[in-house]
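K.L.:
My structure is in start24.cif, and what it holds is mmCIF, C-alpha atoms and all ligand atoms; chains and numbers go by the auth columns:
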```cif
data_target
#
loop_
_atom_site.group_PDB
_atom_site.id
_atom_site.type_symbol
_atom_site.label_atom_id
_atom_site.label_comp_id
_atom_site.label_asym_id
_atom_site.label_seq_id
_atom_site.Cartn_x
_atom_site.Cartn_y
_atom_site.Cartn_z
_atom_site.B_iso_or_equiv
_atom_site.auth_seq_id
_atom_site.auth_asym_id
ATOM 1 C CA MET A 1 89.244 114.920 157.100 0.00 1 A
ATOM 2 C CA ALA A 2 90.465 112.102 154.903 0.00 2 A
ATOM 3 C CA ASP A 3 94.212 111.548 154.552 0.00 3 A
ATOM 4 C CA LEU A 4 93.863 111.534 150.776 0.00 4 A
ATOM 5 C CA THR A 5 91.027 112.628 148.507 0.00 5 A
ATOM 6 C CA CYS A 6 91.607 111.580 144.925 0.00 6 A
ATOM 7 C CA ARG A 7 89.886 111.024 141.621 0.00 7 A
ATOM 8 C CA GLY A 8 90.799 107.785 139.918 0.00 8 A
ATOM 9 C CA MET A 9 89.795 104.864 137.715 0.00 9 A
ATOM 10 C CA VAL A 10 89.604 101.325 139.096 0.00 10 A
ATOM 11 C CA ILE A 11 92.187 99.393 137.063 0.00 11 A
ATOM 12 C CA ARG A 12 92.294 96.243 139.221 0.00 12 A
ATOM 13 C CA THR A 13 90.100 94.568 141.816 0.00 13 A
ATOM 14 C CA VAL A 14 91.206 91.690 144.032 0.00 14 A
ATOM 15 C CA ASP A 15 88.551 90.130 146.275 0.00 15 A
ATOM 16 C CA TYR A 16 89.435 88.782 149.692 0.00 16 A
ATOM 17 C CA ARG A 17 87.559 87.477 152.711 0.00 17 A
ATOM 18 C CA ASP A 18 83.791 87.304 152.189 0.00 18 A
ATOM 19 C CA ASN A 19 82.992 90.841 151.196 0.00 19 A
ATOM 20 C CA ASP A 20 86.211 92.840 151.014 0.00 20 A
ATOM 21 C CA ARG A 21 88.156 94.005 147.993 0.00 21 A
ATOM 22 C CA ILE A 22 91.483 95.653 147.265 0.00 22 A
ATOM 23 C CA LEU A 23 91.312 98.248 144.505 0.00 23 A
ATOM 24 C CA THR A 24 94.103 99.657 142.444 0.00 24 A
ATOM 25 C CA LEU A 25 93.153 103.183 141.425 0.00 25 A
ATOM 26 C CA PHE A 26 94.857 105.066 138.642 0.00 26 A
ATOM 27 C CA THR A 27 94.884 108.756 139.521 0.00 27 A
ATOM 28 C CA ALA A 28 96.278 111.620 137.477 0.00 28 A
ATOM 29 C CA GLU A 29 98.028 113.221 140.470 0.00 29 A
ATOM 30 C CA GLN A 30 99.350 110.229 142.449 0.00 30 A
ATOM 31 C CA GLY A 31 99.684 107.543 139.769 0.00 31 A
ATOM 32 C CA ARG A 32 98.748 104.097 141.100 0.00 32 A
ATOM 33 C CA VAL A 33 97.100 103.946 144.530 0.00 33 A
ATOM 34 C CA ASP A 34 96.153 100.662 146.236 0.00 34 A
ATOM 35 C CA ALA A 35 93.289 100.855 148.720 0.00 35 A
ATOM 36 C CA LYS A 36 91.210 98.404 150.741 0.00 36 A
ATOM 37 C CA ALA A 37 87.433 98.591 150.576 0.00 37 A
ATOM 38 C CA ARG A 38 85.886 96.801 153.537 0.00 38 A
ATOM 39 C CA SER A 39 82.533 95.036 153.104 0.00 39 A
ATOM 40 C CA CYS A 40 82.126 96.692 149.711 0.00 40 A
ATOM 41 C CA ARG A 41 80.709 93.542 148.081 0.00 41 A
ATOM 42 C CA LYS A 42 77.654 93.487 150.358 0.00 42 A
ATOM 43 C CA ALA A 43 74.525 94.484 148.449 0.00 43 A
ATOM 44 C CA THR A 44 73.826 97.181 151.043 0.00 44 A
ATOM 45 C CA SER A 45 77.328 98.687 151.070 0.00 45 A
ATOM 46 C CA PRO A 46 77.569 102.380 150.164 0.00 46 A
ATOM 47 C CA LEU A 47 80.883 101.441 148.492 0.00 47 A
ATOM 48 C CA LEU A 48 79.320 98.812 146.191 0.00 48 A
ATOM 49 C CA ALA A 49 78.986 101.043 143.103 0.00 49 A
ATOM 50 C CA CYS A 50 82.306 102.882 143.360 0.00 50 A
ATOM 51 C CA THR A 51 84.399 99.718 143.747 0.00 51 A
ATOM 52 C CA GLN A 52 83.500 98.103 140.403 0.00 52 A
ATOM 53 C CA PRO A 53 86.052 97.587 137.599 0.00 53 A
ATOM 54 C CA PHE A 54 86.736 100.652 135.407 0.00 54 A
ATOM 55 C CA VAL A 55 84.664 103.036 137.545 0.00 55 A
ATOM 56 C CA TYR A 56 85.977 106.589 137.586 0.00 56 A
ATOM 57 C CA GLY A 57 85.230 108.026 140.994 0.00 57 A
ATOM 58 C CA GLU A 58 86.199 110.395 143.742 0.00 58 A
ATOM 59 C CA TYR A 59 87.498 108.587 146.806 0.00 59 A
ATOM 60 C CA GLN A 60 88.284 109.594 150.361 0.00 60 A
ATOM 61 C CA LEU A 61 91.011 107.434 151.838 0.00 61 A
ATOM 62 C CA PHE A 62 92.423 106.981 155.321 0.00 62 A
ATOM 63 C CA TYR A 63 95.933 105.769 155.952 0.00 63 A
ATOM 64 C CA HIS A 64 96.057 102.955 158.499 0.00 64 A
ATOM 65 C CA LYS A 65 98.881 100.460 159.173 0.00 65 A
ATOM 66 C CA ASN A 66 100.713 101.293 155.944 0.00 66 A
ATOM 67 C CA LYS A 67 97.588 100.865 153.833 0.00 67 A
ATOM 68 C CA TYR A 68 94.930 103.137 152.409 0.00 68 A
ATOM 69 C CA ILE A 69 91.352 102.298 153.411 0.00 69 A
ATOM 70 C CA ILE A 70 88.446 103.672 151.382 0.00 70 A
ATOM 71 C CA ASP A 71 86.127 105.624 153.637 0.00 71 A
ATOM 72 C CA GLN A 72 83.804 107.104 151.041 0.00 72 A
ATOM 73 C CA GLY A 73 83.500 107.085 147.294 0.00 73 A
ATOM 74 C CA GLU A 74 81.340 108.683 144.660 0.00 74 A
ATOM 75 C CA VAL A 75 80.914 107.421 141.100 0.00 75 A
ATOM 76 C CA LEU A 76 81.724 110.131 138.544 0.00 76 A
ATOM 77 C CA GLU A 77 81.454 107.794 135.515 0.00 77 A
ATOM 78 C CA SER A 78 80.639 104.087 135.748 0.00 78 A
ATOM 79 C CA PHE A 79 81.527 103.054 132.160 0.00 79 A
ATOM 80 C CA TYR A 80 78.842 100.472 132.930 0.00 80 A
ATOM 81 C CA PRO A 81 78.155 99.200 129.351 0.00 81 A
ATOM 82 C CA LEU A 82 81.740 97.861 129.242 0.00 82 A
ATOM 83 C CA ARG A 83 80.642 95.116 131.595 0.00 83 A
ATOM 84 C CA GLU A 84 77.942 93.953 129.177 0.00 84 A
ATOM 85 C CA ASP A 85 80.109 93.382 126.084 0.00 85 A
ATOM 86 C CA VAL A 86 82.819 90.781 126.320 0.00 86 A
ATOM 87 C CA ALA A 87 85.017 92.124 123.481 0.00 87 A
ATOM 88 C CA ARG A 88 84.909 95.691 124.816 0.00 88 A
ATOM 89 C CA PHE A 89 85.516 94.450 128.348 0.00 89 A
ATOM 90 C CA ALA A 90 88.565 92.491 127.130 0.00 90 A
ATOM 91 C CA ALA A 91 89.923 95.561 125.332 0.00 91 A
ATOM 92 C CA ALA A 92 89.399 97.711 128.451 0.00 92 A
ATOM 93 C CA SER A 93 91.104 95.013 130.560 0.00 93 A
ATOM 94 C CA LEU A 94 94.120 95.069 128.264 0.00 94 A
ATOM 95 C CA CYS A 95 94.342 98.872 128.580 0.00 95 A
ATOM 96 C CA ALA A 96 94.021 98.628 132.377 0.00 96 A
ATOM 97 C CA SER A 97 96.712 95.938 132.573 0.00 97 A
ATOM 98 C CA LEU A 98 99.149 98.171 130.682 0.00 98 A
ATOM 99 C CA CYS A 99 98.493 100.963 133.196 0.00 99 A
ATOM 100 C CA LEU A 100 98.894 98.528 136.079 0.00 100 A
ATOM 101 C CA GLU A 101 102.300 97.491 134.793 0.00 101 A
ATOM 102 C CA GLY A 102 103.569 100.754 133.353 0.00 102 A
ATOM 103 C CA VAL A 103 102.306 103.424 135.767 0.00 103 A
ATOM 104 C CA GLN A 104 104.235 103.974 138.991 0.00 104 A
ATOM 105 C CA ALA A 105 102.833 104.648 142.451 0.00 105 A
ATOM 106 C CA GLU A 106 103.135 108.228 143.721 0.00 106 A
ATOM 107 C CA GLU A 107 104.039 109.585 140.315 0.00 107 A
ATOM 108 C CA ARG A 108 101.955 112.204 138.540 0.00 108 A
ATOM 109 C CA ASN A 109 100.865 110.874 135.151 0.00 109 A
ATOM 110 C CA GLU A 110 98.250 113.079 133.529 0.00 110 A
ATOM 111 C CA ASP A 111 99.118 112.036 129.963 0.00 111 A
ATOM 112 C CA ILE A 112 98.417 108.342 130.396 0.00 112 A
ATOM 113 C CA PHE A 113 95.468 109.054 132.688 0.00 113 A
ATOM 114 C CA SER A 114 93.864 111.147 129.938 0.00 114 A
ATOM 115 C CA LEU A 115 94.602 108.440 127.365 0.00 115 A
ATOM 116 C CA LEU A 116 92.894 105.774 129.485 0.00 116 A
ATOM 117 C CA TYR A 117 89.913 107.993 130.292 0.00 117 A
ATOM 118 C CA TYR A 118 89.201 108.809 126.641 0.00 118 A
ATOM 119 C CA THR A 119 89.867 105.255 125.464 0.00 119 A
ATOM 120 C CA LEU A 120 87.352 103.889 127.992 0.00 120 A
ATOM 121 C CA THR A 121 84.885 106.585 126.918 0.00 121 A
ATOM 122 C CA PHE A 122 85.087 105.584 123.231 0.00 122 A
ATOM 123 C CA LEU A 123 85.079 101.877 124.122 0.00 123 A
ATOM 124 C CA THR A 124 81.917 102.402 126.167 0.00 124 A
ATOM 125 C CA TYR A 125 79.923 104.917 124.191 0.00 125 A
ATOM 126 C CA GLY A 126 81.523 105.033 120.726 0.00 126 A
ATOM 127 C CA GLU A 127 80.733 103.014 117.621 0.00 127 A
ATOM 128 C CA ASN A 128 84.401 102.072 117.261 0.00 128 A
ATOM 129 C CA ASP A 129 85.687 98.545 116.956 0.00 129 A
ATOM 130 C CA PRO A 130 87.214 97.551 120.316 0.00 130 A
ATOM 131 C CA GLY A 131 90.274 96.245 118.438 0.00 131 A
ATOM 132 C CA ASP A 132 90.869 99.692 116.923 0.00 132 A
ATOM 133 C CA MET A 133 90.688 101.341 120.337 0.00 133 A
ATOM 134 C CA ALA A 134 93.037 98.727 121.821 0.00 134 A
ATOM 135 C CA ALA A 135 95.579 99.105 118.995 0.00 135 A
ATOM 136 C CA CYS A 136 95.509 102.882 119.316 0.00 136 A
ATOM 137 C CA PHE A 137 95.814 102.711 123.108 0.00 137 A
ATOM 138 C CA LEU A 138 98.744 100.271 122.912 0.00 138 A
ATOM 139 C CA LEU A 139 100.709 102.492 120.576 0.00 139 A
ATOM 140 C CA ARG A 140 99.971 105.751 122.373 0.00 140 A
ATOM 141 C CA PHE A 141 100.626 104.159 125.780 0.00 141 A
ATOM 142 C CA LEU A 142 104.015 102.845 124.608 0.00 142 A
ATOM 143 C CA ASP A 143 104.832 106.298 123.267 0.00 143 A
ATOM 144 C CA ARG A 144 103.914 108.067 126.526 0.00 144 A
ATOM 145 C CA ALA A 145 105.600 105.464 128.728 0.00 145 A
ATOM 146 C CA GLY A 146 108.887 105.909 126.841 0.00 146 A
ATOM 147 C CA PHE A 147 108.728 102.621 124.879 0.00 147 A
ATOM 148 C CA ARG A 148 107.698 104.001 121.484 0.00 148 A
ATOM 149 C CA PRO A 149 108.482 101.497 118.713 0.00 149 A
ATOM 150 C CA ALA A 150 110.418 102.626 115.634 0.00 150 A
ATOM 151 C CA ILE A 151 107.855 103.268 112.883 0.00 151 A
ATOM 152 C CA THR A 152 109.448 105.966 110.706 0.00 152 A
ATOM 153 C CA HIS A 153 113.178 105.240 111.025 0.00 153 A
ATOM 154 C CA CYS A 154 114.940 101.878 111.126 0.00 154 A
ATOM 155 C CA ALA A 155 115.303 100.723 114.754 0.00 155 A
ATOM 156 C CA VAL A 156 118.848 99.539 114.031 0.00 156 A
ATOM 157 C CA CYS A 157 120.522 101.998 111.613 0.00 157 A
ATOM 158 C CA GLY A 158 118.165 104.977 111.935 0.00 158 A
ATOM 159 C CA ARG A 159 117.577 105.356 108.207 0.00 159 A
ATOM 160 C CA ASP A 160 114.239 106.840 107.025 0.00 160 A
ATOM 161 C CA LEU A 161 112.031 103.860 106.092 0.00 161 A
ATOM 162 C CA ARG A 162 109.317 105.639 104.166 0.00 162 A
ATOM 163 C CA GLU A 163 110.742 104.862 100.712 0.00 163 A
ATOM 164 C CA ASP A 164 111.760 101.260 101.470 0.00 164 A
ATOM 165 C CA PRO A 165 109.727 98.549 99.699 0.00 165 A
ATOM 166 C CA ILE A 166 110.479 95.740 102.177 0.00 166 A
ATOM 167 C CA LEU A 167 110.224 96.285 105.915 0.00 167 A
ATOM 168 C CA ARG A 168 110.123 94.015 108.948 0.00 168 A
ATOM 169 C CA PHE A 169 108.892 94.522 112.493 0.00 169 A
ATOM 170 C CA LEU A 170 111.130 92.962 115.120 0.00 170 A
ATOM 171 C CA PRO A 171 109.858 93.374 118.702 0.00 171 A
ATOM 172 C CA ASP A 172 113.268 92.537 120.198 0.00 172 A
ATOM 173 C CA ARG A 173 115.071 95.116 118.029 0.00 173 A
ATOM 174 C CA GLY A 174 112.745 98.009 118.862 0.00 174 A
ATOM 175 C CA GLY A 175 110.271 98.055 115.970 0.00 175 A
ATOM 176 C CA ALA A 176 110.485 98.470 112.206 0.00 176 A
ATOM 177 C CA VAL A 177 113.789 97.539 110.598 0.00 177 A
ATOM 178 C CA CYS A 178 115.084 98.035 107.042 0.00 178 A
ATOM 179 C CA ALA A 179 115.849 95.087 104.760 0.00 179 A
ATOM 180 C CA ALA A 180 119.604 95.755 104.953 0.00 180 A
ATOM 181 C CA CYS A 181 119.599 95.495 108.768 0.00 181 A
ATOM 182 C CA SER A 182 117.444 92.353 108.851 0.00 182 A
ATOM 183 C CA PRO A 183 116.908 90.029 105.886 0.00 183 A
ATOM 184 C CA VAL A 184 114.602 87.792 108.001 0.00 184 A
ATOM 185 C CA GLY A 185 111.681 88.357 110.357 0.00 185 A
ATOM 186 C CA ARG A 186 107.984 89.181 110.090 0.00 186 A
ATOM 187 C CA ARG A 187 107.156 91.729 107.431 0.00 187 A
ATOM 188 C CA VAL A 188 105.196 94.882 108.259 0.00 188 A
ATOM 189 C CA SER A 189 103.204 96.724 105.596 0.00 189 A
ATOM 190 C CA LYS A 190 103.786 100.375 104.744 0.00 190 A
ATOM 191 C CA THR A 191 100.053 100.897 105.344 0.00 191 A
ATOM 192 C CA ALA A 192 100.370 99.640 108.929 0.00 192 A
ATOM 193 C CA LEU A 193 103.330 101.925 109.657 0.00 193 A
ATOM 194 C CA GLU A 194 101.514 104.923 108.154 0.00 194 A
ATOM 195 C CA ALA A 195 98.369 104.128 110.187 0.00 195 A
ATOM 196 C CA MET A 196 100.493 104.005 113.357 0.00 196 A
ATOM 197 C CA ARG A 197 102.102 107.368 112.543 0.00 197 A
ATOM 198 C CA ARG A 198 98.647 108.899 112.136 0.00 198 A
ATOM 199 C CA MET A 199 97.392 107.416 115.396 0.00 199 A
ATOM 200 C CA LEU A 200 100.152 109.230 117.259 0.00 200 A
ATOM 201 C CA LEU A 201 99.083 112.590 115.809 0.00 201 A
ATOM 202 C CA LEU A 202 95.542 112.580 117.240 0.00 202 A
ATOM 203 C CA ASP A 203 94.475 114.332 120.434 0.00 203 A
ATOM 204 C CA ASP A 204 92.979 112.038 123.089 0.00 204 A
ATOM 205 C CA ASP A 205 89.456 113.330 122.440 0.00 205 A
ATOM 206 C CA GLN A 206 89.830 112.471 118.723 0.00 206 A
ATOM 207 C CA LEU A 207 90.464 108.735 119.248 0.00 207 A
ATOM 208 C CA GLY A 208 86.986 107.961 117.945 0.00 208 A
ATOM 209 C CA ARG A 209 88.297 108.769 114.454 0.00 209 A
ATOM 210 C CA VAL A 210 90.376 105.582 114.394 0.00 210 A
ATOM 211 C CA LYS A 211 88.603 103.188 112.035 0.00 211 A
ATOM 212 C CA MET A 212 90.568 100.408 110.355 0.00 212 A
ATOM 213 C CA LYS A 213 89.770 97.469 108.122 0.00 213 A
ATOM 214 C CA PRO A 214 89.971 94.132 109.960 0.00 214 A
ATOM 215 C CA GLU A 215 93.154 93.044 108.129 0.00 215 A
ATOM 216 C CA LEU A 216 94.978 96.274 108.987 0.00 216 A
ATOM 217 C CA ARG A 217 93.782 96.199 112.623 0.00 217 A
ATOM 218 C CA GLY A 218 94.874 92.551 112.885 0.00 218 A
ATOM 219 C CA GLU A 219 98.286 93.300 111.446 0.00 219 A
ATOM 220 C CA ILE A 220 98.953 96.243 113.771 0.00 220 A
ATOM 221 C CA LEU A 221 97.801 94.314 116.851 0.00 221 A
ATOM 222 C CA SER A 222 99.869 91.296 115.840 0.00 222 A
ATOM 223 C CA HIS A 223 102.966 93.520 115.927 0.00 223 A
ATOM 224 C CA LEU A 224 102.157 95.706 118.925 0.00 224 A
ATOM 225 C CA ILE A 225 100.998 93.012 121.370 0.00 225 A
ATOM 226 C CA PRO A 226 104.272 90.989 121.258 0.00 226 A
ATOM 227 C CA TYR A 227 106.239 94.255 121.305 0.00 227 A
ATOM 228 C CA SER A 228 104.333 95.440 124.429 0.00 228 A
ATOM 229 C CA LYS A 229 104.857 92.129 126.220 0.00 229 A
ATOM 230 C CA GLY A 230 108.597 92.585 125.786 0.00 230 A
ATOM 231 C CA TYR A 231 108.471 95.732 127.941 0.00 231 A
ATOM 232 C CA LEU A 232 105.537 94.830 130.195 0.00 232 A
ATOM 233 C CA PRO A 233 105.445 91.033 130.693 0.00 233 A
ATOM 234 C CA GLY A 234 102.653 91.381 133.270 0.00 234 A
ATOM 235 C CA ILE A 235 100.096 92.104 130.542 0.00 235 A
ATOM 236 C CA GLU A 236 100.322 88.478 129.267 0.00 236 A
ATOM 237 C CA LYS A 237 96.984 87.290 130.698 0.00 237 A
ATOM 238 C CA ALA A 238 94.928 90.290 129.548 0.00 238 A
ATOM 239 C CA ALA A 239 96.641 90.146 126.139 0.00 239 A
ATOM 240 C CA ALA A 240 95.762 86.450 125.727 0.00 240 A
ATOM 241 C CA LEU A 241 92.106 87.068 126.590 0.00 241 A
ATOM 242 C CA PHE A 242 91.920 90.051 124.275 0.00 242 A
ATOM 243 C CA THR A 243 93.627 88.203 121.422 0.00 243 A
ATOM 244 C CA SER A 244 91.341 85.195 121.735 0.00 244 A
ATOM 245 C CA LEU A 245 88.300 87.453 121.340 0.00 245 A
ATOM 246 C CA ASN A 246 89.377 90.139 118.925 0.00 246 A
ATOM 247 C CA LEU A 247 92.336 89.336 116.824 0.00 247 A
ATOM 248 C CA PRO A 248 91.880 87.811 113.392 0.00 248 A
ATOM 249 C CA ALA A 249 94.774 85.473 112.632 0.00 249 A
ATOM 250 C CA PRO A 250 97.317 87.501 110.664 0.00 250 A
ATOM 251 C CA ALA A 251 98.602 86.109 107.378 0.00 251 A
ATOM 252 C CA GLU A 252 101.998 84.569 108.103 0.00 252 A
ATOM 253 C CA THR A 253 104.877 86.307 106.384 0.00 253 A
ATOM 254 C CA GLU A 254 108.415 85.176 106.822 0.00 254 A
HETATM 255 ZN ZN ZN B . 118.484 99.687 109.057 0.00 1 B
#
```
With the file now loaded, output its structure as C-alpha cells.
Ligand SMILES: [Zn+2]
P.N.:
Amino acid sequence: MADLTCRGMVIRTVDYRDNDRILTLFTAEQGRVDAKARSCRKATSPLLACTQPFVYGEYQLFYHKNKYIIDQGEVLESFYPLREDVARFAAASLCASLCLEGVQAEERNEDIFSLLYYTLTFLTYGENDPGDMAACFLLRFLDRAGFRPAITHCAVCGRDLREDPILRFLPDRGGAVCAACSPVGRRVSKTALEAMRRMLLLDDDQLGRVKMKPELRGEILSHLIPYSKGYLPGIEKAAALFTSLNLPAPAETE
C-alpha cells in the first residue's frame, strides 16, 4: 500500500542527477505535493510519461526520509499539444507558476484546482487565444486566492466606479481607483473593467467563451500581470516569458 495515492497536475519539474526529477504536483485534496521520481527520464522508465510538465495523473507515493517518492503513476490527461505550441506553453507556464506560488502544501484547494484543470483544457484543445485564457486565469486565480483587484468600486474610497468617465488602475493601491482618489497613474478603460467583471461570472467549464480583441486583451494583461507580481513575486520569470510572446505593447496612457 502506498502512503499517499493522489490525483494531481505537474506544475513544476526540476531535474537532478542524470535521470531523476523532482515534481511539484497540484492536487485538489492536498494542495501542493513535492515528490521525487527516480530514473524517470530514462526512455525505458515506466514513470517517463507521468512525470512530464502539465500532466494530470494518478500517483502512488511512498514517504521516505521526509520526502515523497513516486512509486507508480498513471496518465489521466497528458495535455500533450501544449508542449508543441510555444505561446500556449508559455500561458500554461504562467498559470502553473501562479499555483506554485499561491497554493499551499497540505491545504485542500478544489476551486483553484478546477480553474487550472479547465484552463489547461481550453489552452490545449480550444480555439481560444492563449492570451485570453491567461488573462481570465489571472483574474479568477487572484479572486480565489483572496487577492481580487478592485474592478467595480474604487480601491481607495469604495465608491461605485461604473458611472465615472476617468479611471486608473494602480497595482499598489489594490486595483481601479476613481479620479478623485488618484489624479495620476495608468488609465484603465471602462470596457476592460466590464470584461473583467464578466470573466468572474463564468463557470470554469465556460472559460472557452472568453474571446477578446487584441487591444482589450493587451490592456487587461498589462494591468493584471504587474498587479499579480505584487502579491506573488515568484511568477516574475514565467510572466516575462509569457509577455515576450503574447502581449502586444499597450498604448501608454499617463
Ligand atoms: Zn476613490
K.L.:
Go through the chains and note each residue within 9 Å of ligand ZN 1 (chain B), using all atoms listed in the file, then give the set as an MDAnalysis selection string.
P.N.:
chainID A and resid 153:161 176:182
K.L.:
Set the distance at 7 Å and use only C-alpha atoms: which residues neighbour Cys50 in chain A once local chain neighbours fewer than 6 positions away are removed? I'd like the list as a VMD selection string.
P.N.:
chain A and resid 57 73 to 75
K.L.:
May I ask which of the residues A:Asp111, A:Glu77, A:Asp18, A:Asp164 is the closest one to Tyr125 in chain A, counting all atoms listed in the file?
P.N.:
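Comparing A:Asp111, A:Glu77, A:Asp18, A:Asp164 against Tyr125 in chain A, the winner is A:Glu77.
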K.L.:
Determine, counting all atoms listed in the file, which protein, DNA and RNA residues have an atom within 8 Å of an atom of Ala238 in chain A; residues of the same chain fewer than 4 positions away are not included. Present the result as a PDB file with C-alpha atoms, keeping the file's coordinate frame.
P.N.:
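For reference, part06.pdb as written:
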```pdb
ATOM      1  CA  ALA A  90      88.565  92.491 127.130  1.00  0.00           C
ATOM      2  CA  SER A  93      91.104  95.013 130.560  1.00  0.00           C
ATOM      3  CA  LEU A  94      94.120  95.069 128.264  1.00  0.00           C
ATOM      4  CA  SER A  97      96.712  95.938 132.573  1.00  0.00           C
ATOM      5  CA  PHE A 242      91.920  90.051 124.275  1.00  0.00           C
TER       6      PHE A 242
END
```
K.L.:
Of the residues A:Tyr16, A:Phe113, A:Phe79, A:Tyr68, which is the one nearest to Arg140 in chain A, using all atoms listed in the file?
P.N.:
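Among A:Tyr16, A:Phe113, A:Phe79, A:Tyr68, it is A:Phe113 that comes nearest to Arg140 in chain A.
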K.L.:
Between A:Leu201, A:Leu139, A:Leu193, A:Val188, which has the minimum distance to Ile112 in chain A (counting all atoms listed in the file)?
P.N.:
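Among A:Leu201, A:Leu139, A:Leu193, A:Val188, it is A:Leu139 that comes nearest to Ile112 in chain A.
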K.L.:
Give me, as a PyMOL selection string, all polymer residues having an atom no more than 7 Å from Gln60 in chain A, counting all atoms listed in the file and skipping those fewer than 5 positions away in the same chain.
P.N.:
chain A and resi 2+4-6+70-73
K.L.:
Using the chain letters and numbers from this file, what does the PyMOL selection byres (((chain A and resi 82) around 10) and not hetatm) select? Give the answer as a ChimeraX atom specification.
P.N.:
/A:53-54,78-81,83-93,120-121,123-125
K.L.:
I'd like to see the residues matched by the PyMOL selection byres (((chain A and resi 19) around 12) and not hetatm) on this file, and ideally I'd get them as a list of chain:residue names.
P.N.:
A:Val14, A:Asp15, A:Tyr16, A:Arg17, A:Asp18, A:Asp20, A:Arg21, A:Ile22, A:Lys36, A:Ala37, A:Arg38, A:Ser39, A:Cys40, A:Arg41, A:Lys42, A:Ala43, A:Thr44, A:Ser45, A:Leu47, A:Leu48, A:Thr51
K.L.:
Would you mind listing what lies within 12 Å of Ala195 in chain A as a list in words, with only C-alpha atoms counted and same-chain residues fewer than 2 positions away left out?
P.N.:
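Listed by chain and then number, they are Asp132, Ala135, Cys136, Leu139, Ile151, Thr152, Val188, Ser189, Lys190, Thr191, Ala192, Leu193, Arg197, Arg198, Met199, Leu200, Leu201, Leu202, Arg209, Val210, Lys211, Met212, Lys213, Leu216, Arg217, Glu219, Ile220 and Leu221 of chain A.
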K.L.:
Using all atoms listed in the file, which protein or nucleic acid residues come within 8 Å of Leu116 in chain A? Drop anything in the same chain fewer than 5 positions from it, and give the result as a tab-separated table (two decimals) with C-alpha atoms, keeping the file's coordinate frame.
P.N.:
```tsv
chain	number	residue	atom	x	y	z
A	95	CYS	CA	94.34	98.87	128.58
A	96	ALA	CA	94.02	98.63	132.38
A	137	PHE	CA	95.81	102.71	123.11
```
K.L.:
Quick one: residues within 12 Å of (106.4, 91.4, 126.3) (file frame), counting only C-alpha atoms, please, as a compact mmCIF listing (two decimals) with C-alpha atoms, in the coordinates of the input.
P.N.:
```txt
# COMPACT_ATOMS: atom_id res chain seq x y z
CA LEU A 98 99.15 98.17 130.68
CA GLU A 101 102.30 97.49 134.79
CA LEU A 142 104.02 102.84 124.61
CA PHE A 147 108.73 102.62 124.88
CA PRO A 171 109.86 93.37 118.70
CA ASP A 172 113.27 92.54 120.20
CA GLY A 174 112.74 98.01 118.86
CA HIS A 223 102.97 93.52 115.93
CA LEU A 224 102.16 95.71 118.92
CA ILE A 225 101.00 93.01 121.37
CA PRO A 226 104.27 90.99 121.26
CA TYR A 227 106.24 94.26 121.30
CA SER A 228 104.33 95.44 124.43
CA LYS A 229 104.86 92.13 126.22
CA GLY A 230 108.60 92.58 125.79
CA TYR A 231 108.47 95.73 127.94
CA LEU A 232 105.54 94.83 130.20
CA PRO A 233 105.44 91.03 130.69
CA GLY A 234 102.65 91.38 133.27
CA ILE A 235 100.10 92.10 130.54
CA GLU A 236 100.32 88.48 129.27
CA LYS A 237 96.98 87.29 130.70
CA ALA A 238 94.93 90.29 129.55
CA ALA A 239 96.64 90.15 126.14
CA ALA A 240 95.76 86.45 125.73
```
K.L.:
Evaluated on this file, the PyMOL selection byres (((chain A and resi 8) around 10) and not hetatm) picks out some residues - which ones are they, written as a PyMOL selection string?
P.N.:
chain A and resi 5-7+9-11+24-33+54-59+75-76+113+117
K.L.:
To one decimal in Å, tell me the separation between CA of Gly102 in chain A and CA of Ile69 in chain A.
P.N.:
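Atom-to-atom, CA of Gly102 in chain A and CA of Ile69 in chain A are spaced 23.5 Å apart.
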K.L.:
Which value, in Å to one decimal, gives the distance between CA of Ala35 in chain A and CA of Leu115 in chain A?
P.N.:
22.7 Å
K.L.:
Listed atoms of range 182-187 of chain A, axis-aligned box, 8 Å per side: centre and edge lengths to one decimal in Å, as JSON?
P.N.:
```
{"center_x": 112.3, "center_y": 90.1, "center_z": 108.1, "size_x": 26.3, "size_y": 20.6, "size_z": 20.5}
```
K.L.:
For the atom pair CA of Glu106 in chain A and CA of Asp34 in chain A, what is the interatomic distance in Å to one decimal place?
P.N.:
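Distance between the two atoms: 10.6 Å.
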